[in-house]
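As structure tokens, the structure follows; a few thoughts come after it.
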Amino acid sequence: MIPDQGPRDAVVPPAERLKARAHVPSMERYKELYERSVGNPDEFWGDIAKDFFWKTKHTGPFMDYNFDVTKGEIFIKCMEGASTNICYNLLDHNVLHRKLGDKVAFYWEGNEPGDELRVTYRELLQRVCQFSNVLKSQGVKKGDRVSIYMPMVVELVVAMLACVRIGAVHSIVFAGFSADSLCERILDSQCSLLVTADGFYRGDKLINLKPIADEALQKCRDKGFPVSRCIMLKHLSKETEQATPGSQSPPAKRPCPDLQQNKQTDRVRKTRPAPQVPWNPDVDVCWHSLLCGVSDECEPEWCDSEDPLFILYTSGSTGKPKGVLHTVSGYMLYTATTFKLVFDYQADDVYWCTADIGWITGHSYITYGPLANGATSVLFEGLPTYPDVGRMWDIVDKYHITKFYTAPTAIRLLMKYGSEPVHKSSRASLKVLGTVGEPINPEAWHWYYNVVGDKRCPIVDTFWQTETGGHMLTPLPAATPLKPGSATFPFFGVVPAILNESGEELEGPGEGYLVFKQPWPGVMRTVYGDHQRFESIYFNKFPGYYVTGDGCRRDGDGYYWITGRIDDMLNVSGHLLSTAEVESSLVEHPAVAEAAVVGRPHAIKGESLYCFVTLIQGVAFSAALEAQLRKQVRDKIGAIATPDFIQNAPALPKTRSGKIMRRVLRKIARNERDLGDISTLAESSVVEQLFENRCSAAI
Ligand code: WTA
């Protein structure tokens, strides 16, 4: 039973009450601006660029590019000749020229209710300048890569913007990733410094981050790449200064002002264990002691438009993560503009995006887009279910959130508990709801719209990717009539097409590969250190187009509907994982000869990991082995990749040429007997056996 279900196929009109102030108040205006953005991008983006600070202006066309591999190397350049600094635009420009110094940039809401902080634009600028000076004192220079492995704290934003200020390139690694994953990312981008924290709480659970960071650094050393410095923020341990037995504690220094304001509530400190903080004096330095006496002024490094801004790793279908590289000017303009128009940002908004900064959504729509607009945001450290399932709505009421952005997996999780916990809150401040990460199923859409938004708030279903930098297909809240489950229409400057298997563009309604025909300012520029891989992943399959890897349907009204990945990627709770990556960590176990991983639908996570393993001769499958395998994948990749099902597969279905038939495995995982054409299957008895022994419940 779905509560308050509206008619399924009804079109939900755009929000009347937003129209009066909206940036884009009607479909007519959207169409007019869209035509202009595509027909005359130089003028469209040129006007937008006037709101930003440029040290030098660009020369030549707004964009210069080659999107066609048959015509030579792929390249995208935006605003060549211009120089700027994003940190300057996000902070100094807002403080000095827009007079927003006293405006709150972030309300930090800790894991524990009552644990909170606020930081104004002026304070953030000072803290970023100070930390920029710290980075410089540690030898970080323009162009150097800095790895950041931190929980959702204000200092994470400080660290990333300090890199940006001095022209260093940040590579943020989600704090849920394992030591192996962190090591792999540090090595790939050759980071000279790591910024981390002692630990953090996720709900009741203590995550000891520093020991994981240490293990990653040890692995880097073992592979001949010693990282010279590790700066550790005392997020939990600062008040206690206690070390775990056998390890050296970071030296206690006289407290800096910075250290006192950001503290855990007394209750939490008294009842919870302190994190383990192993200390290696050759490498480790304490964030707080480094800050003491450091100036809070720092001249920004002026960067060229196409200088690298950051690297963010995303799963690759070969198993090796790809370092997606974004550059300065185009990314700044694109995240700022999408944020402003998609959420219809107004100066009195309080905005909350529940993503982690470790993912692209947090980069673009917690840090860059909102700060570029001078917005006030909530930065949330905790979980939607801690201490109870009403936490999100309590936060909405506490800060009077107007624009709220989350993922379908969070909506489905909360939906499970019904509407009662939602109704305990008022949510009267809400105006626009957003979703990202995976297709939103109509049930979740209706619940979000009816129960959370009280049928007042349009839902912007934003389709985009790490690679695209910002939103690509999305409604605009005061303009677009909504269809539940559809990301509707392209954003300004975006030209989508749907191709069939032979690469022909479909006209009108149809289903096929979603591609983009021309670049937009926020598109990634390369895979870090491997331009060929960039070309082969995104441009080789259909020359002349950027290939998203997603399937898509266009209906008779021109609405776009994402149908999901059409490559070997899985979308678990909105996070992409490659099947190859999970398979290779399974086969690293000495008992496993071969492994194949497929997705199986999951009510909350969207997809779950269903793993088939063939053991080496003579090894018996057991619950203990199963547990070891789960742990192995978790340790190798991180908790998000923990297998839900592991099935013993004495043999895997293969074609006569030896290729694993994943299509068949997917059917087995879902218990669907209509296997389609299996004439290429080498041995059909294998399939029957696998059906018989399939796992029905998750481990
Ligand atoms: C999926 C996250 C349907 C899609 C910003 C895409 C979506 C991948 C949507 C990128 C949406 C993201 N509707 N599918 N609104 N948003 N996706 O790189 O498969 O973590 O290719 O970026 O998520 O995931 P990524």
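By order in the structure tokens, chains are A, B, ...; within a chain, residues start at 1; ligands start at 1, following the order shown.
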
- Please write out the residues within 6 Å of ligand 1 as a ChimeraX atom specification, counting only C-alpha atoms and all ligand atoms. /A:361,436-439,461-466,487,550,562,564-565,575-576

- Task: Pick out the residues sitting within 8 Å of stretch 625-640 of chain A, and hand them over as an MDAnalysis selection string; count only C-alpha atoms, and ignore anything fewer than 2 positions along from it in its own chain.
- Result: chainID A and resid 176:181 572 575 582 585:586 589 621:623 642:643 646

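Every residue of stretch 334-507 of chain A found in strand (DSSP E) when DSSP is run on the backbone appears here: A:Val350, A:Tyr351, A:Trp352, A:Cys353, A:Thr376, A:Ser377, A:Val378, A:Leu379, A:Phe380, A:Lys403, A:Phe404, A:Tyr405, A:Thr406, A:Val432, A:Leu433, A:Gly434, A:Thr435, A:Ile459, A:Val460, A:Asp461, A:Pro496, A:Ala497, A:Ile498, A:Leu499.
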
- Query: Out of A:Pro273, A:Phe131, A:Ala372, A:Tyr386, which residue has the shortest atom-to-atom distance to A:His288 when counting only C-alpha atoms?
  - Reply: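 Of all the options, A:Phe131 lies closest to A:His288.
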
- Message: Need the shell around A:Met79: protein/DNA/RNA residues with any atom at most 12 Å away, counting only C-alpha atoms. Skip same-chain ones fewer than 2 positions apart. Format as JSON, numbers by chain?
- Response: {"A": [41, 42, 45, 46, 49, 54, 56, 57, 58, 59, 60, 61, 62, 63, 64, 65, 76, 77, 81, 82, 83, 84, 304, 305, 306, 307, 327, 328, 329, 330, 331, 332, 333, 520, 521, 522]}

Contact residues around A:Lys416 with only C-alpha atoms at 10 Å, ignoring same-chain residues under 6 positions, as a PDB file with N, CA and C atoms, in the first residue's frame:
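Result written to part.pdb:
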ATOM      1  N   VAL A 389      14.451   7.793  12.795  1.00  0.00           N
ATOM      2  CA  VAL A 389      14.166   8.011  11.376  1.00  0.00           C
ATOM      3  C   VAL A 389      13.497   9.358  11.088  1.00  0.00           C
ATOM      4  N   ALA A 603      15.043  -3.332  -2.693  1.00  0.00           N
ATOM      5  CA  ALA A 603      13.970  -2.372  -2.412  1.00  0.00           C
ATOM      6  C   ALA A 603      14.487  -1.015  -1.950  1.00  0.00           C
ATOM      7  N   ILE A 604      15.599  -0.989  -1.256  1.00  0.00           N
ATOM      8  CA  ILE A 604      16.087   0.297  -0.749  1.00  0.00           C
ATOM      9  C   ILE A 604      17.327   0.768  -1.508  1.00  0.00           C
TER      10      ILE A 604
END
